[in-house]
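Below is one structure; the comments refer to it alone.
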Amino acid sequence: MRDTRTEILEIGEMLIRTKGYHSFSYADIAKTLSIKNAAIHYHFPGKSDLGTTILQSLINNVELLKETCKEYSATDKLLRFIEIYDNSKMLDRVCIMGALSPCIDTLPEQMQLKLKEIAELLLKWLNDILQEGKKNQEFHFNENSIDKANLIVSSLLASLLLNKVLNNGVFESIKQSIFESVQISK
């Protein structure tokens, strides 16, 4: 059985990814979990505490994923990286950067810093994967790896947003284009 704190974090993350940070309140979480607002305030005195904890949790998850697949081939690491976005798609959610970036200037400072940390972490990890793949001749592309990483993350993020609006499979199309753009060796 999960504890209340974990459930609050899960519902809070879902609400950020579906409604946006500024569009939900503790009352939404309390109603979903059939608890009182005070129970949420006990764990997270302010909404910024909740948001910052959610972002730190996501950072921890990415770090764990990186560690889990550090011995994988670059191709398998790329697949695992893209699974982060695949999971959002399967849950009919946007990624956390897609949900929070448009309102970054209105987020509490600690959340702004954590969001930047997530972006930097993802881009660095993908850059490392691309460099490794190019070095091992698993990948073949002309751009420098950081430009390629920026392009891939931007494409995945935007495709989740566009897919949410159009519901037309654009995410799968973009994902396939990414694989083609790095010309994965078989």
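Here's how to read the names in the structure tokens: chain A, B, ... by the order shown, residue numbers from 1 in each chain, ligand numbers from 1 in the order shown.
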
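Using only C-alpha atoms, the residues found no farther than 9 Å from Ile11 of chain A, other than those of its own chain fewer than 6 positions away, are A:Asp28, A:Ile29, A:Thr32, A:Leu33.
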
Long-range neighbours of Gln112 of chain A as number ranges by chain, 12 Å cut-off, only C-alpha atoms, 2 positions minimum in chain: A: 48, 51-52, 55-56, 97, 100-110, 114-119

Helix (DSSP H, G or I) residues, from DSSP on the backbone, in segment 34-102 of chain A, as number ranges by chain: A: 37-43, 47-68, 74-90, 96-102

Mind checking which residues fall within 12 Å of Glu172 of chain A, counting only C-alpha atoms, ignoring those fewer than 3 positions away in the same chain, and posting them as an mmCIF file with N, CA, C and O atoms, in the first residue's frame?
```cif
data_model
loop_
_atom_site.group_PDB
_atom_site.id
_atom_site.type_symbol
_atom_site.label_atom_id
_atom_site.label_comp_id
_atom_site.auth_asym_id
_atom_site.auth_seq_id
_atom_site.Cartn_x
_atom_site.Cartn_y
_atom_site.Cartn_z
ATOM 1 N N ILE A 82 14.108 7.684 -24.992
ATOM 2 C CA ILE A 82 12.848 8.010 -25.672
ATOM 3 C C ILE A 82 11.656 7.425 -24.916
ATOM 4 O O ILE A 82 10.558 7.983 -24.950
ATOM 5 N N GLU A 83 11.872 6.346 -24.169
ATOM 6 C CA GLU A 83 10.795 5.764 -23.360
ATOM 7 C C GLU A 83 10.255 6.758 -22.338
ATOM 8 O O GLU A 83 9.083 6.680 -21.955
ATOM 9 N N TYR A 85 9.552 9.785 -22.853
ATOM 10 C CA TYR A 85 8.494 10.506 -23.566
ATOM 11 C C TYR A 85 7.368 9.555 -23.976
ATOM 12 O O TYR A 85 6.205 9.934 -23.966
ATOM 13 N N ASP A 86 7.744 8.331 -24.323
ATOM 14 C CA ASP A 86 6.747 7.300 -24.642
ATOM 15 C C ASP A 86 5.781 7.097 -23.475
ATOM 16 O O ASP A 86 4.573 6.963 -23.670
ATOM 17 N N LYS A 89 3.295 9.785 -23.357
ATOM 18 C CA LYS A 89 2.321 9.593 -24.433
ATOM 19 C C LYS A 89 1.291 8.537 -24.052
ATOM 20 O O LYS A 89 0.093 8.717 -24.242
ATOM 21 N N MET A 90 1.761 7.424 -23.502
ATOM 22 C CA MET A 90 0.854 6.336 -23.125
ATOM 23 C C MET A 90 -0.147 6.781 -22.061
ATOM 24 O O MET A 90 -1.272 6.307 -22.026
ATOM 25 N N SER A 155 11.930 18.074 -30.432
ATOM 26 C CA SER A 155 10.968 17.339 -31.258
ATOM 27 C C SER A 155 10.067 16.450 -30.407
ATOM 28 O O SER A 155 8.850 16.398 -30.631
ATOM 29 N N LEU A 156 10.640 15.761 -29.448
ATOM 30 C CA LEU A 156 9.837 14.895 -28.581
ATOM 31 C C LEU A 156 8.854 15.715 -27.743
ATOM 32 O O LEU A 156 7.669 15.384 -27.655
ATOM 33 N N SER A 159 6.188 17.195 -30.039
ATOM 34 C CA SER A 159 5.291 16.179 -30.602
ATOM 35 C C SER A 159 4.269 15.708 -29.571
ATOM 36 O O SER A 159 3.131 15.397 -29.923
ATOM 37 N N LEU A 160 4.650 15.677 -28.292
ATOM 38 C CA LEU A 160 3.676 15.336 -27.251
ATOM 39 C C LEU A 160 2.587 16.409 -27.162
ATOM 40 O O LEU A 160 1.409 16.094 -27.015
ATOM 41 N N LEU A 162 1.702 18.555 -29.610
ATOM 42 C CA LEU A 162 0.917 18.537 -30.842
ATOM 43 C C LEU A 162 0.005 17.316 -30.892
ATOM 44 O O LEU A 162 -1.151 17.410 -31.315
ATOM 45 N N ASN A 163 0.509 16.193 -30.439
ATOM 46 C CA ASN A 163 -0.292 14.978 -30.409
ATOM 47 C C ASN A 163 -1.502 15.152 -29.485
ATOM 48 O O ASN A 163 -2.581 14.654 -29.766
ATOM 49 N N ASN A 167 -4.255 14.643 -31.729
ATOM 50 C CA ASN A 167 -4.505 13.218 -31.519
ATOM 51 C C ASN A 167 -4.386 12.434 -32.835
ATOM 52 O O ASN A 167 -5.265 11.673 -33.211
ATOM 53 N N ASN A 168 -3.263 12.674 -33.520
ATOM 54 C CA ASN A 168 -3.130 12.111 -34.869
ATOM 55 C C ASN A 168 -1.886 11.243 -35.073
ATOM 56 O O ASN A 168 -1.531 10.956 -36.202
ATOM 57 N N GLY A 169 -1.212 10.853 -34.031
ATOM 58 C CA GLY A 169 -0.053 9.988 -34.195
ATOM 59 C C GLY A 169 1.236 10.704 -34.533
ATOM 60 O O GLY A 169 2.215 10.059 -34.903
ATOM 61 N N LYS A 175 9.080 10.148 -33.517
ATOM 62 C CA LYS A 175 9.968 9.138 -32.934
ATOM 63 C C LYS A 175 10.686 8.361 -34.046
ATOM 64 O O LYS A 175 11.907 8.161 -33.988
ATOM 65 N N GLN A 176 9.953 7.957 -35.059
ATOM 66 C CA GLN A 176 10.552 7.246 -36.185
ATOM 67 C C GLN A 176 11.568 8.130 -36.912
ATOM 68 O O GLN A 176 12.644 7.675 -37.298
ATOM 69 N N SER A 177 11.242 9.399 -37.065
ATOM 70 C CA SER A 177 12.159 10.345 -37.728
ATOM 71 C C SER A 177 13.469 10.484 -36.945
ATOM 72 O O SER A 177 14.530 10.649 -37.523
ATOM 73 N N ILE A 178 13.366 10.433 -35.628
ATOM 74 C CA ILE A 178 14.573 10.524 -34.789
ATOM 75 C C ILE A 178 15.481 9.337 -35.069
ATOM 76 O O ILE A 178 16.685 9.501 -35.265
ATOM 77 N N PHE A 179 14.916 8.151 -35.087
ATOM 78 C CA PHE A 179 15.727 6.953 -35.362
ATOM 79 C C PHE A 179 16.378 7.064 -36.729
ATOM 80 O O PHE A 179 17.551 6.738 -36.893
#
```

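Remark: for Leu15 of chain A, the closest of the candidate residues A:Ala99, A:Leu121, A:Cys69, A:Leu64 is A:Ala99 (distances computed over only C-alpha atoms).
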
Asn136 of chain A surroundings by only C-alpha atoms, 12 Å radius, close-in-sequence under 3 positions cut, as a PyMOL selection string: chain A and resi 73-75+129-133+139-140+184-185

Can you write just those residues out, N, CA, C and O atoms, as a compact mmCIF listing (two decimals), in the first residue's frame?
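The result, written out as again_13.txt:
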```txt
# COMPACT_ATOMS: atom_id res chain seq x y z
N SER A 73 24.18 -0.60 -24.86
CA SER A 73 24.71 0.02 -26.09
C SER A 73 24.09 1.41 -26.22
O SER A 73 23.05 1.72 -25.61
N ALA A 74 24.70 2.25 -27.02
CA ALA A 74 24.16 3.59 -27.25
C ALA A 74 22.76 3.51 -27.85
O ALA A 74 21.88 4.30 -27.49
N THR A 75 22.52 2.56 -28.72
CA THR A 75 21.20 2.40 -29.33
C THR A 75 20.16 2.07 -28.25
O THR A 75 19.08 2.67 -28.23
N ILE A 129 24.90 10.07 -24.96
CA ILE A 129 24.46 8.90 -25.72
C ILE A 129 24.83 9.06 -27.19
O ILE A 129 25.36 8.14 -27.83
N LEU A 130 24.54 10.23 -27.74
CA LEU A 130 24.82 10.48 -29.16
C LEU A 130 26.32 10.45 -29.45
O LEU A 130 26.74 9.88 -30.46
N GLN A 131 27.11 11.04 -28.57
CA GLN A 131 28.57 11.00 -28.75
C GLN A 131 29.07 9.56 -28.71
O GLN A 131 29.90 9.17 -29.53
N GLU A 132 28.59 8.80 -27.74
CA GLU A 132 29.00 7.39 -27.63
C GLU A 132 28.60 6.61 -28.88
O GLU A 132 29.40 5.84 -29.42
N GLY A 133 27.38 6.81 -29.33
CA GLY A 133 26.91 6.10 -30.51
C GLY A 133 27.69 6.45 -31.76
O GLY A 133 27.96 5.59 -32.60
N PHE A 139 25.71 5.18 -34.53
CA PHE A 139 24.94 6.27 -35.09
C PHE A 139 25.75 6.99 -36.15
O PHE A 139 26.99 7.08 -36.04
N HIS A 140 25.05 7.54 -37.12
CA HIS A 140 25.69 8.31 -38.17
C HIS A 140 24.84 9.55 -38.43
O HIS A 140 23.70 9.44 -38.90
N ILE A 184 20.76 4.66 -37.27
CA ILE A 184 21.22 3.59 -36.40
C ILE A 184 21.72 2.43 -37.24
O ILE A 184 21.05 1.94 -38.13
N SER A 185 22.96 2.00 -36.93
CA SER A 185 23.55 0.85 -37.63
C SER A 185 22.90 -0.42 -37.13
O SER A 185 22.61 -0.55 -35.96
```

Given only C-alpha atoms as the counted atoms, nearest of A:Ile152, A:Cys95, A:Ala38, A:Ala30 to Val182 of chain A: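 Going through A:Ile152, A:Cys95, A:Ala38, A:Ala30 one by one, the smallest distance to Val182 of chain A is for A:Ile152.
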
For Leu161 of chain A, the nearest of the candidates A:Val94, A:Ile146, A:Leu9, A:Ile84, counting only C-alpha atoms: A:Val94

Atomic separation - atom CA of Thr18 of chain A relative to atom CA of Ser34 of chain A, Å: 19.9 Å

Nearest candidate to Glu13 of chain A (options A:Lys135, A:Lys77, A:Lys47, A:Lys164; using only C-alpha atoms):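 Looking at the shortest contact to Glu13 of chain A, the residue is A:Lys47.
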
Pairwise distance for atom CA of Leu151 of chain A and atom CA of Arg80 of chain A, rounded to one decimal in Å: 17.4 Å
